[in-house]
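Below is one structure, written out as structure tokens; comments come after it.
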Amino acid sequence: MLEILWDSHKIQVINIKGGYSNWDSLLLKKLMKYITNCLLLFFVFTNGLCSAQQNYQLQNPKASHLDEAIRVLKNSKDPHVLVTAHRGDWRNAPENSIMAIQNAIVMGVDIVEIDLHQTKDGQLILMHDPTIDRTTNGKGKVSDWTLDSLKTLYLKDGLSSLTPYKIPTLEEALKVIKGNILVNLDQSYDYFAKAYDILKRTGTMNQAIMKSNHPVQQVVAENGRYLKEMMYMAVVNLDSPDALKIIKDYQTISKPIAFELIFKRDTSSVINMVSKINRDGSKFWVNSLWDSLCAGHNDERALISPDSNYGWMLKKGFQIIQTDRPVFLIDYLKRKQLHN
């Protein structure tokens with residue numbers, strides 16, 4: 001009788017009980033080796049299957065998360081707060097990279113913000129700056145490089161260290177985004193029509209939010225034909241004396257899915273009107289990235305005192321927060337029962 005020990009990742013035959021009877025010792029050794037190999041193969045196969053399944057679940061979270069995020073976005077009265085990852089998860093991957101997007105999906109982020117620029121040969125790529133100097137091992141303007149030449153370069157991470165990752169096109173990014181997460185296309189207004197075509201082709205139209213800081217009259221005149229199919233967000237600087245008029249004009253002419261408010265000071269009367277305007281059908285987006293965007297109520301201060309910063313945003317009625325600390329913010333909102 002064989003006595004077999006399965007010890008973690010090792011399989012050992014530790015004893016043979018009973019007599020050999022008519023068994024030939026060589027035959028018995030071959031039998032023992034065969035049984036051991038079979039067990040090893042079984043372990044490798046099942047372990048690999050579990051790993052593959054786990055990887056699939058990480059890269060393809062349940063569609064219900066995206067469906068819920070879309071539902072919350074389109075319901076201005078829903079109290080849940082949507083979390084936006086600024087340039088993806090740039091702390092653990094290069095900004096605007098495929099890995100940064102995938103990380104945001106795994107984290108349970110609702111919206112990933114990415115930036116667009118156009119190459120010399122008319123291709124839309126993910127890049128925040130008009131030049132490639134800061135984020136790649138190349139130099140010069142995006143508009144001076146063809147896509148093929150840009151694909152020879154490598155992205156840098158947040159510490160300016162070179163990584164194995166390449167610059168993605170918008171289409172490549174949308175294929176990862178599809179079915180997983182909402183996306184905000186920043187710096188994309190100049191490429192509205194081209195972005196529309198790519199969204200249409202990839203089947204991601206219902207996941208994308210376009211935006212600009214242009215007056216509603218200009219947006220309708222230039223891109224009104226797309227607004228029936230695409231979600232649009234108006235960016236409003238509250239330090240401008242015309243801020244409230246801009247918001248009212250949008251609500252009268254073409255109500256946006258949301259307003260992104262930018263403010264160096266938190267003294268604008270509009271901030272105290274956010275909750276009321278929410279009830280009129282548009283969400284309000286705030287950036288917790290740095291002082292000049294949110295009057296100092298930023299992520300780094302939130303690490304020390306979340307209630308004084310994220311809590312302040314919630315009290316004012318903001319329902320979408322763009323952050324450089326998505327995990328920390330999601331955890332905070334879950335404790336407040338404001339994030340699914």
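Residue numbering restarts at 1 for every chain of the structure tokens, chains are lettered A, B, ... in their displayed order, and ligands are numbered from 1 as they appear.
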
Which residues are near A:Leu82? Cut-off 8 Å, only C-alpha atoms, ignore same chain within fewer than 6 positions. Put them as a list in words.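 The residues satisfying every condition are Ala69, Val72, Leu73, Val109, Asp110, Ile111, Gln319, Ile320, Ile321 and His339 of chain A.
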
Which residues are close to stretch 93-108 of chain A, i.e. within 9 Å by only C-alpha atoms, leaving aside same-chain residues fewer than 6 positions away? Reply as a ChimeraX atom specification. /A:57-61,65,83-87,114-115,126-128,135,155-158,163,165-168,172-173,176-177,180-181,326-327,330

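Interatomic distance, atom CA of A:Leu153 against atom CA of A:Asp133: 11.0 Å.
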
Each stretch 95-129 of chain A residue no farther than 12 Å from stretch 195-198 of chain A, nearest pair in Å, only C-alpha atoms, as a Markdown table:
| residue | atom | partner | partner_atom | distance |
| --- | --- | --- | --- | --- |
| A:Asp115 | CA | A:Ala195 | CA | 11.7 |
| A:Leu116 | CA | A:Ala195 | CA | 9.3 |
| A:His117 | CA | A:Ala195 | CA | 10.8 |
| A:Gln118 | CA | A:Ala195 | CA | 10.7 |
| A:Gly122 | CA | A:Ala195 | CA | 11.5 |
| A:Gln123 | CA | A:Ala195 | CA | 10.2 |
| A:Leu124 | CA | A:Ala195 | CA | 7.9 |
| A:Ile125 | CA | A:Ala195 | CA | 10.6 |
| A:Leu126 | CA | A:Ala195 | CA | 12.0 |

May I ask which of the residues A:Thr323, A:Thr136, A:Ile70, A:Pro215 is the closest one to A:Asp89, counting only C-alpha atoms? A:Thr323

Go through A:Asn340, A:Asp242, A:Asn287, A:Gln322 and flag the residue nearest A:Glu68, using only C-alpha atoms for the distances. A:Asn340
